[in-house]
Amino acid sequence: MTLIRTKYNRRSFLKLSSAASGGVMIGFSWLASCKPAAEEITSVPEEWFDINAFIKIGDNGLVTIMSPNPEIGQNVKTSMPMIVAEELDVDWKNVTVEQAPLNTELYKRQLAGGSQSIRRGWQSLRMAGATGRRVLLEAAAQKWQVPVSELTTDKGIISHNSGKSLGYGEVTSFATSVEIPEEVDVKDIKDFKLIGTDVRNVDAPKIVTGQPLFGLDLKRDGMLIAMIVHPPAFGMKLKSFDATDALAVPGIKDVFKVNTAPEEKQWSDTNAFTELVAVVGESTWQVMKAKKALAVEWEKDSALEASEDHERKLQQAINKAPSEAARKDGDPNKAFTEAARIIEKTYSAPFLAHNTMEPMNFFAHVTEDTAELVGPIQTPEYLRKSVSSLLGMPEDKIKIDMTRMGGGFGRRLYGNFGMEAVAISKQAKAPIKLVYTREDDMTQGTYRPAYKITYRAALDDNNTLTAFHIRGAGIHGGPVFANRFPAGTVDNYLAENQNVDSNISTGAWRAPRSNFVAGAEQSFIDEVAEEAGKDPVDFRLALFDRAINNPVGDDNDYDPERYAGVLRLVKEKAKWGQGIPGVSRGISAYYCHNSYVAQVVDVMMEKGRPRVKKVWCAVDCGIVINPIAAKNQIEGGIIDGIGHAMYSNITVKNGTPDQSNFDRYRLIRQREAPLEIETFFVENGIDPTGLGEPSLPPIMGALANALYKATGKRVYKQPFSQQDIVLG
């Protein structure tokens, strides 16, 4: 076992325990080194209702574990409590899980983003469970007057070496006198019973039976429905509106203008349109009818530059060297001058919408002194700060409860929809549920940025890679990760990033930047390997060997041994190099969100069009908490990546998006998903890392490489379906 410090205040623990009325309630701040906490249960005084991270054990042995982070389908509401339950040594069938509300006093990172929930919470979650187990052991030892060393636990039962035993619920009343140790033992990995087993989603029964879990399900007495009308084009603003016809629609309560710009803007306040027209009524259908009847006049916003051809602006940025390189090793200019051959290719990708399955929505009830918010948000802490700034209200008067989300993919990092609900509720003086139509969301921005990147590689007479140059440009930020592969593998290396400003709002989209760079990089690496006359896997492995044995620079942010490990694993499992009749194969490997993924894609051509037969995927994400959920994440990322690489696209003309719904915005169809996906996890005992995003980026490169093998044509632009390659 391993000793870890609890950093727990005994006086606070006793206070919590004595209030539990027949059970023991053990409060923990999992992400803030176990700061004492409590939560609402029967007979708990009202002043303790704001605590959001704890273990609650009833006198009947049932255990409630609060899940602190937002749930967007990445399954943390199951996996995070599993870690606590593992160390608590309780039977999972006796555990219930509840979603915690926002409480920044208890949590350092109550956020869903960057695939970091499990990674950041791993040690603290283990400590929460282990400390709970130790408290119960101490209580049993006092009851029986025996040393703790003579006691063991298993599935919520404490046993003595004499043969007697009792359940956790039977010793809860003794726990109030327990002294919390400064250190507790956590289990050795080999002793895990729950972690590493398949556990079904704790919300699955409610989801499949249609019970209310999502923001869109929320209903409150007196609640009104609201929708917004925003400018039809980026670079425009509201001039005037006539609500006469809209107000004539039965059930419509009001139509008015709102401004949702906070006084102090944060990164999460990414929003192209802050001045809107709000329509408020009794039902969604009535409000939608009123929106259509509303007469609105818009005008050009002189404060914003006119929308331009972003493809041209990105190319201009690519053609111009930045004033300072993001990274430079050796003498790239000299190496390119002396090269026997130079390979240069440019790749581009369009804006993409997030298109969450659950429409954007949020509930707000603003009164003179308080604000209650409920809804699907990935960044509740930042939303509360922005609401505080908008209302001029102290944060401790603003309560935020999180619902389960029907998808996020980064869209719900940006809380403009919550801000809009707040502004509308304040002006309407009523509880409001704001609901977006698909058109409202798809035309409002916060898109995946449009990107362009140029790669150059220099080969000498021996087909050795001597120099590598990357120059990328993106809307609101360049895409290049300067210290990632192939940095550290080549003596002469140059990485450059260029920013392109735009009045189109952009933001994080599943695996930010990596969702473009991985596909471009891995496509280019294959092309260089082919030019050098080398197998693409062997070419990559040789570069990793260089990074392992004689790395260039000391700022490389990846582990080349783990990188090479997933590549070798997928090579072995897919039997790379053994031809399969009628099947063309592509490979890629990529590192992001602290995890390593390598993939092989098998493509067949059917009537001149590509069909993904199978995807082989090797993953190094450390310890896998819940294998079935982990595989679901991998498979979802692969399908998502294939679909967006092949089909999805947002184009903008004169500031107006061409795509406003799924009739023009193409998503992958069920028949286009891979026929089979096989996933292999590296078992190395390393602490867990990210998993929600890492499988998406490399699939784009593996697919592009397989398409080249199938058609003899390479693709340099997304979506692939709009290029000649798919016609064979």
# chains A, B, ... in the order shown; residues from 1 in each chain; ligands from 1
$ closest_atom_pairs --of "stretch 141-202 of chain A" --to "stretch 118-129 of chain A" --cutoff "10 Å" --atoms "only C-alpha atoms" --output "JSON lines"
{"residue": "A:Glu183", "atom": "CA", "partner": "A:Met127", "partner_atom": "CA", "distance": 9.3}
{"residue": "A:Val184", "atom": "CA", "partner": "A:Met127", "partner_atom": "CA", "distance": 7.5}
{"residue": "A:Asp185", "atom": "CA", "partner": "A:Met127", "partner_atom": "CA", "distance": 8.3}
{"residue": "A:Val186", "atom": "CA", "partner": "A:Arg126", "partner_atom": "CA", "distance": 6.8}
{"residue": "A:Lys187", "atom": "CA", "partner": "A:Arg126", "partner_atom": "CA", "distance": 8.7}
$ closest_atom_pairs --of "stretch 126-217 of chain A" --to "stretch 427-437 of chain A" --cutoff "12 Å" --atoms "only C-alpha atoms" --output "CSV"
residue,atom,partner,partner_atom,distance
A:Gly215,CA,A:Lys433,CA,9.0
A:Leu216,CA,A:Val435,CA,7.8
A:Asp217,CA,A:Lys433,CA,10.1
$ write_last_selection --atoms "N, CA, C and O atoms" --output "compact mmCIF listing (two decimals), in the first residue's frame"
# COMPACT_ATOMS: atom_id res chain seq x y z
N GLY A 215 -30.97 19.20 -19.21
CA GLY A 215 -31.47 20.55 -19.02
C GLY A 215 -32.80 20.78 -19.72
O GLY A 215 -33.67 21.48 -19.20
N LEU A 216 -32.95 20.18 -20.88
CA LEU A 216 -34.18 20.37 -21.65
C LEU A 216 -35.39 19.76 -20.94
O LEU A 216 -36.53 20.10 -21.24
N ASP A 217 -35.14 18.83 -20.00
CA ASP A 217 -36.24 18.20 -19.26
C ASP A 217 -36.79 19.07 -18.14
O ASP A 217 -37.87 18.79 -17.62
$ closest_residue --among "A:Pro536, A:Pro212, A:Gly701, A:Gly196" --to "A:Gly622" --atoms "only C-alpha atoms"
A:Gly196
$ select_by_dssp --residues "stretch 136-284 of chain A" --states "helix (DSSP H, G or I)" --output "PyMOL selection string"
chain A and resi 136-144+148-150+168-177+189-191+204-208+215-217+244-247+284
$ write_last_selection --atoms "N, CA, C and O atoms" --output "compact mmCIF listing (two decimals), in the first residue's frame"
# COMPACT_ATOMS: atom_id res chain seq x y z
N LEU A 136 -14.03 4.03 9.22
CA LEU A 136 -14.91 2.92 9.59
C LEU A 136 -14.14 1.81 10.31
O LEU A 136 -14.65 1.18 11.25
N LEU A 137 -12.92 1.56 9.88
CA LEU A 137 -12.08 0.57 10.57
C LEU A 137 -11.79 1.00 12.00
O LEU A 137 -11.84 0.19 12.94
N GLU A 138 -11.47 2.27 12.17
CA GLU A 138 -11.19 2.78 13.52
C GLU A 138 -12.43 2.66 14.40
O GLU A 138 -12.35 2.31 15.59
N ALA A 139 -13.61 2.94 13.80
CA ALA A 139 -14.85 2.84 14.58
C ALA A 139 -15.10 1.39 15.00
O ALA A 139 -15.50 1.12 16.14
N ALA A 140 -14.88 0.45 14.08
CA ALA A 140 -15.07 -0.96 14.42
C ALA A 140 -14.07 -1.41 15.48
O ALA A 140 -14.41 -2.20 16.39
N ALA A 141 -12.84 -0.94 15.37
CA ALA A 141 -11.82 -1.30 16.36
C ALA A 141 -12.22 -0.82 17.75
O ALA A 141 -12.03 -1.52 18.75
N GLN A 142 -12.77 0.38 17.84
CA GLN A 142 -13.23 0.89 19.13
C GLN A 142 -14.40 0.07 19.66
O GLN A 142 -14.47 -0.24 20.86
N LYS A 143 -15.31 -0.29 18.77
CA LYS A 143 -16.49 -1.06 19.19
C LYS A 143 -16.09 -2.42 19.75
O LYS A 143 -16.63 -2.89 20.77
N TRP A 144 -15.13 -3.06 19.09
CA TRP A 144 -14.71 -4.40 19.49
C TRP A 144 -13.52 -4.39 20.45
O TRP A 144 -13.13 -5.45 20.96
N VAL A 148 -6.70 -2.05 14.98
CA VAL A 148 -7.12 -1.91 13.59
C VAL A 148 -6.39 -2.91 12.70
O VAL A 148 -6.95 -3.40 11.71
N SER A 149 -5.16 -3.23 13.06
CA SER A 149 -4.36 -4.14 12.24
C SER A 149 -4.97 -5.53 12.13
O SER A 149 -4.61 -6.31 11.25
N GLU A 150 -5.91 -5.86 13.04
CA GLU A 150 -6.54 -7.18 13.01
C GLU A 150 -7.82 -7.19 12.17
O GLU A 150 -8.50 -8.21 12.08
N TYR A 168 -20.69 -1.83 7.27
CA TYR A 168 -20.33 -0.43 7.47
C TYR A 168 -21.43 0.33 8.21
O TYR A 168 -21.16 1.17 9.08
N GLY A 169 -22.68 0.07 7.87
CA GLY A 169 -23.78 0.80 8.48
C GLY A 169 -23.90 0.58 9.97
O GLY A 169 -24.46 1.42 10.68
N GLU A 170 -23.36 -0.53 10.47
CA GLU A 170 -23.47 -0.85 11.89
C GLU A 170 -22.47 -0.09 12.75
O GLU A 170 -22.59 -0.12 13.98
N VAL A 171 -21.48 0.54 12.14
CA VAL A 171 -20.47 1.25 12.95
C VAL A 171 -20.51 2.75 12.73
O VAL A 171 -19.67 3.48 13.25
N THR A 172 -21.50 3.22 11.98
CA THR A 172 -21.52 4.65 11.68
C THR A 172 -21.63 5.51 12.94
O THR A 172 -21.04 6.58 13.03
N SER A 173 -22.38 5.04 13.93
CA SER A 173 -22.58 5.85 15.13
C SER A 173 -21.31 5.96 15.97
O SER A 173 -21.17 6.86 16.79
N PHE A 174 -20.35 5.04 15.75
CA PHE A 174 -19.09 5.09 16.49
C PHE A 174 -18.07 6.01 15.83
O PHE A 174 -17.05 6.35 16.43
N ALA A 175 -18.35 6.40 14.60
CA ALA A 175 -17.34 7.14 13.83
C ALA A 175 -17.13 8.56 14.33
O ALA A 175 -16.12 9.19 14.02
N THR A 176 -18.09 9.09 15.12
CA THR A 176 -17.96 10.49 15.56
C THR A 176 -16.77 10.69 16.49
O THR A 176 -16.30 11.81 16.65
N SER A 177 -16.28 9.62 17.11
CA SER A 177 -15.16 9.76 18.04
C SER A 177 -13.81 9.42 17.41
O SER A 177 -12.79 9.40 18.10
N ILE A 189 -2.20 -1.37 -6.88
CA ILE A 189 -2.98 -1.55 -8.10
C ILE A 189 -3.42 -3.01 -8.26
O ILE A 189 -4.54 -3.28 -8.70
N LYS A 190 -2.56 -3.93 -7.85
CA LYS A 190 -2.88 -5.35 -8.01
C LYS A 190 -4.06 -5.77 -7.14
O LYS A 190 -4.67 -6.84 -7.37
N ASP A 191 -4.43 -4.95 -6.16
CA ASP A 191 -5.52 -5.30 -5.25
C ASP A 191 -6.85 -4.67 -5.65
O ASP A 191 -7.85 -4.84 -4.95
N ALA A 204 -27.88 5.16 -16.98
CA ALA A 204 -28.46 4.44 -18.12
C ALA A 204 -29.94 4.09 -17.93
O ALA A 204 -30.75 4.31 -18.84
N PRO A 205 -30.34 3.54 -16.78
CA PRO A 205 -31.77 3.22 -16.63
C PRO A 205 -32.67 4.44 -16.78
O PRO A 205 -33.74 4.35 -17.39
N LYS A 206 -32.23 5.58 -16.26
CA LYS A 206 -33.04 6.79 -16.37
C LYS A 206 -33.07 7.31 -17.81
O LYS A 206 -34.09 7.81 -18.28
N ILE A 207 -31.93 7.17 -18.49
CA ILE A 207 -31.87 7.66 -19.87
C ILE A 207 -32.81 6.85 -20.76
O ILE A 207 -33.60 7.41 -21.53
N VAL A 208 -32.73 5.53 -20.65
CA VAL A 208 -33.52 4.70 -21.57
C VAL A 208 -35.00 4.69 -21.22
O VAL A 208 -35.84 4.36 -22.07
N GLY A 215 -30.97 19.20 -19.21
CA GLY A 215 -31.47 20.55 -19.02
C GLY A 215 -32.80 20.78 -19.72
O GLY A 215 -33.67 21.48 -19.20
N LEU A 216 -32.95 20.18 -20.88
CA LEU A 216 -34.18 20.37 -21.65
C LEU A 216 -35.39 19.76 -20.94
O LEU A 216 -36.53 20.10 -21.24
N ASP A 217 -35.14 18.83 -20.00
CA ASP A 217 -36.24 18.20 -19.26
C ASP A 217 -36.79 19.07 -18.14
O ASP A 217 -37.87 18.79 -17.62
N THR A 244 -45.19 43.87 -33.00
CA THR A 244 -46.66 43.87 -33.03
C THR A 244 -47.23 42.50 -33.38
O THR A 244 -48.09 41.96 -32.67
N ASP A 245 -46.78 41.93 -34.49
CA ASP A 245 -47.31 40.64 -34.92
C ASP A 245 -46.89 39.51 -33.99
O ASP A 245 -47.65 38.55 -33.77
N ALA A 246 -45.70 39.60 -33.47
CA ALA A 246 -45.22 38.56 -32.56
C ALA A 246 -46.04 38.54 -31.28
O ALA A 246 -46.40 37.47 -30.76
N LEU A 247 -46.36 39.71 -30.74
CA LEU A 247 -47.13 39.80 -29.50
C LEU A 247 -48.57 39.35 -29.70
O LEU A 247 -49.27 39.04 -28.73
N THR A 284 -42.92 26.34 -26.13
CA THR A 284 -41.90 26.40 -27.18
C THR A 284 -42.53 26.69 -28.54
O THR A 284 -42.02 27.51 -29.32
$ residues_around --residues "A:Tyr590" --least-positions-apart "5" --cutoff "9 Å" --atoms "only C-alpha atoms" --output "list in words"
Phe485, Ser514, Ala518, Gln522, Tyr563, Ser595, Tyr596, Val597, Ala598, Gln599, Pro694, Ser695, Pro697 and Pro698 of chain A
$ write_last_selection --atoms "N, CA and C atoms" --output "compact mmCIF listing (two decimals), in the first residue's frame"
# COMPACT_ATOMS: atom_id res chain seq x y z
N PHE A 485 5.84 15.98 -31.34
CA PHE A 485 6.42 15.27 -32.47
C PHE A 485 6.08 16.01 -33.77
N SER A 514 -5.54 19.87 -32.09
CA SER A 514 -5.16 18.51 -32.46
C SER A 514 -6.10 17.92 -33.49
N ALA A 518 -3.29 16.75 -36.18
CA ALA A 518 -2.95 15.32 -36.24
C ALA A 518 -3.15 14.76 -37.64
N GLN A 522 0.11 13.61 -39.77
CA GLN A 522 0.28 12.19 -40.05
C GLN A 522 0.14 11.88 -41.54
N TYR A 563 4.98 6.59 -26.99
CA TYR A 563 4.54 6.89 -28.35
C TYR A 563 4.83 5.69 -29.27
N SER A 595 -2.27 11.44 -23.44
CA SER A 595 -2.42 10.04 -23.84
C SER A 595 -1.89 9.81 -25.25
N TYR A 596 -1.64 8.54 -25.55
CA TYR A 596 -1.04 8.15 -26.83
C TYR A 596 -1.97 7.19 -27.55
N VAL A 597 -2.19 7.45 -28.83
CA VAL A 597 -3.10 6.62 -29.62
C VAL A 597 -2.48 6.35 -30.98
N ALA A 598 -2.51 5.10 -31.41
CA ALA A 598 -2.10 4.73 -32.77
C ALA A 598 -3.24 3.95 -33.40
N GLN A 599 -3.45 4.18 -34.70
CA GLN A 599 -4.60 3.58 -35.37
C GLN A 599 -4.23 3.08 -36.77
N PRO A 694 -8.57 11.91 -27.15
CA PRO A 694 -7.38 11.47 -27.90
C PRO A 694 -7.61 10.54 -29.09
N SER A 695 -8.74 9.83 -29.16
CA SER A 695 -8.91 8.91 -30.29
C SER A 695 -9.39 9.62 -31.55
N PRO A 697 -8.30 12.81 -33.05
CA PRO A 697 -7.35 13.43 -33.99
C PRO A 697 -6.63 12.47 -34.93
N PRO A 698 -6.06 11.36 -34.44
CA PRO A 698 -5.27 10.54 -35.37
C PRO A 698 -6.08 9.82 -36.43
$ atom_distance --atom1 "atom CA of A:Lys108" --atom2 "atom CA of A:Ile55"
18.3 Å
$ closest_residue --among "A:Asn661, A:Ser523, A:Thr274, A:Gln316" --to "A:Ala589" --atoms "only C-alpha atoms"
A:Ser523
$ select_by_dssp --residues "stretch 458-614 of chain A" --states "strand (DSSP E)" --output "VMD selection string"
chain A and resid 458 to 459 465 to 475 492 to 500 584 to 592 595 to 606 609 to 614
$ atom_distance --atom1 "atom CA of A:Pro332" --atom2 "atom CA of A:Glu561"
25.9 Å
$ atom_distance --atom1 "atom CA of A:Leu494" --atom2 "atom CA of A:Lys328"
4.6 Å
$ closest_residue --among "A:Leu276, A:Ser648, A:Pro479, A:Asn503" --to "A:Ile424" --atoms "only C-alpha atoms"
A:Leu276
$ residues_around --residues "A:Asn550" --least-positions-apart "6" --cutoff "12 Å" --atoms "only C-alpha atoms" --output "NGL selection string"
:A and (488-491 or 542-544 or 560)
$ write_last_selection --atoms "all heavy atoms" --output "PDB file, in the first residue's frame"
ATOM      1  N   GLY A 488      12.224  17.191 -31.564  1.00  0.00           N
ATOM      2  CA  GLY A 488      13.062  16.276 -30.806  1.00  0.00           C
ATOM      3  C   GLY A 488      13.594  15.102 -31.592  1.00  0.00           C
ATOM      4  O   GLY A 488      14.406  14.329 -31.081  1.00  0.00           O
ATOM      5  N   THR A 489      13.140  14.956 -32.856  1.00  0.00           N
ATOM      6  CA  THR A 489      13.558  13.800 -33.662  1.00  0.00           C
ATOM      7  C   THR A 489      14.458  14.180 -34.826  1.00  0.00           C
ATOM      8  O   THR A 489      14.968  13.300 -35.519  1.00  0.00           O
ATOM      9  CB  THR A 489      12.335  13.066 -34.235  1.00  0.00           C
ATOM     10  OG1 THR A 489      11.709  13.889 -35.227  1.00  0.00           O
ATOM     11  CG2 THR A 489      11.328  12.745 -33.141  1.00  0.00           C
ATOM     12  N   VAL A 490      14.642  15.481 -35.058  1.00  0.00           N
ATOM     13  CA  VAL A 490      15.411  15.940 -36.215  1.00  0.00           C
ATOM     14  C   VAL A 490      16.268  17.123 -35.792  1.00  0.00           C
ATOM     15  O   VAL A 490      15.844  17.971 -35.007  1.00  0.00           O
ATOM     16  CB  VAL A 490      14.466  16.296 -37.390  1.00  0.00           C
ATOM     17  CG1 VAL A 490      13.478  17.377 -36.995  1.00  0.00           C
ATOM     18  CG2 VAL A 490      15.236  16.670 -38.629  1.00  0.00           C
ATOM     19  N   ASP A 491      17.493  17.174 -36.295  1.00  0.00           N
ATOM     20  CA  ASP A 491      18.450  18.201 -35.848  1.00  0.00           C
ATOM     21  C   ASP A 491      17.994  19.619 -36.179  1.00  0.00           C
ATOM     22  O   ASP A 491      18.220  20.540 -35.397  1.00  0.00           O
ATOM     23  CB  ASP A 491      19.819  17.946 -36.495  1.00  0.00           C
ATOM     24  CG  ASP A 491      20.490  16.697 -35.958  1.00  0.00           C
ATOM     25  OD1 ASP A 491      20.420  16.478 -34.731  1.00  0.00           O
ATOM     26  OD2 ASP A 491      21.071  15.929 -36.755  1.00  0.00           O
ATOM     27  N   ALA A 542      11.745   4.910 -36.393  1.00  0.00           N
ATOM     28  CA  ALA A 542      13.127   5.400 -36.439  1.00  0.00           C
ATOM     29  C   ALA A 542      13.221   6.799 -35.828  1.00  0.00           C
ATOM     30  O   ALA A 542      14.192   7.118 -35.125  1.00  0.00           O
ATOM     31  CB  ALA A 542      13.627   5.414 -37.882  1.00  0.00           C
ATOM     32  N   LEU A 543      12.222   7.618 -36.075  1.00  0.00           N
ATOM     33  CA  LEU A 543      12.208   8.954 -35.479  1.00  0.00           C
ATOM     34  C   LEU A 543      12.051   8.869 -33.961  1.00  0.00           C
ATOM     35  O   LEU A 543      12.708   9.598 -33.205  1.00  0.00           O
ATOM     36  CB  LEU A 543      11.087   9.791 -36.082  1.00  0.00           C
ATOM     37  CG  LEU A 543      11.227  10.151 -37.566  1.00  0.00           C
ATOM     38  CD1 LEU A 543       9.989  10.881 -38.056  1.00  0.00           C
ATOM     39  CD2 LEU A 543      12.470  11.013 -37.802  1.00  0.00           C
ATOM     40  N   PHE A 544      11.182   7.974 -33.500  1.00  0.00           N
ATOM     41  CA  PHE A 544      11.018   7.812 -32.059  1.00  0.00           C
ATOM     42  C   PHE A 544      12.299   7.285 -31.412  1.00  0.00           C
ATOM     43  O   PHE A 544      12.653   7.686 -30.292  1.00  0.00           O
ATOM     44  CB  PHE A 544       9.846   6.873 -31.762  1.00  0.00           C
ATOM     45  CG  PHE A 544       8.499   7.456 -32.074  1.00  0.00           C
ATOM     46  CD1 PHE A 544       7.530   6.714 -32.729  1.00  0.00           C
ATOM     47  CD2 PHE A 544       8.189   8.762 -31.716  1.00  0.00           C
ATOM     48  CE1 PHE A 544       6.294   7.246 -33.021  1.00  0.00           C
ATOM     49  CE2 PHE A 544       6.947   9.309 -32.003  1.00  0.00           C
ATOM     50  CZ  PHE A 544       6.006   8.555 -32.659  1.00  0.00           C
ATOM     51  N   PRO A 560       8.655   9.496 -25.923  1.00  0.00           N
ATOM     52  CA  PRO A 560       8.793   8.745 -27.173  1.00  0.00           C
ATOM     53  C   PRO A 560       8.664   7.238 -27.000  1.00  0.00           C
ATOM     54  O   PRO A 560       8.260   6.538 -27.937  1.00  0.00           O
ATOM     55  CB  PRO A 560      10.191   9.138 -27.669  1.00  0.00           C
ATOM     56  CG  PRO A 560      10.916   9.614 -26.453  1.00  0.00           C
ATOM     57  CD  PRO A 560       9.883  10.232 -25.575  1.00  0.00           C
TER      58      PRO A 560
END
$ closest_residue --among "A:Gly519, A:Asp460, A:Pro322, A:Ala226" --to "A:Ala423" --atoms "only C-alpha atoms"
A:Ala226
$ closest_residue --among "A:Glu338, A:Glu420, A:Asp441, A:Glu324" --to "A:Ala495" --atoms "only C-alpha atoms"
A:Glu324
$ closest_residue --among "A:Ile677, A:Val277, A:Ala704, A:Ala574" --to "A:Asp254" --atoms "only C-alpha atoms"
A:Val277
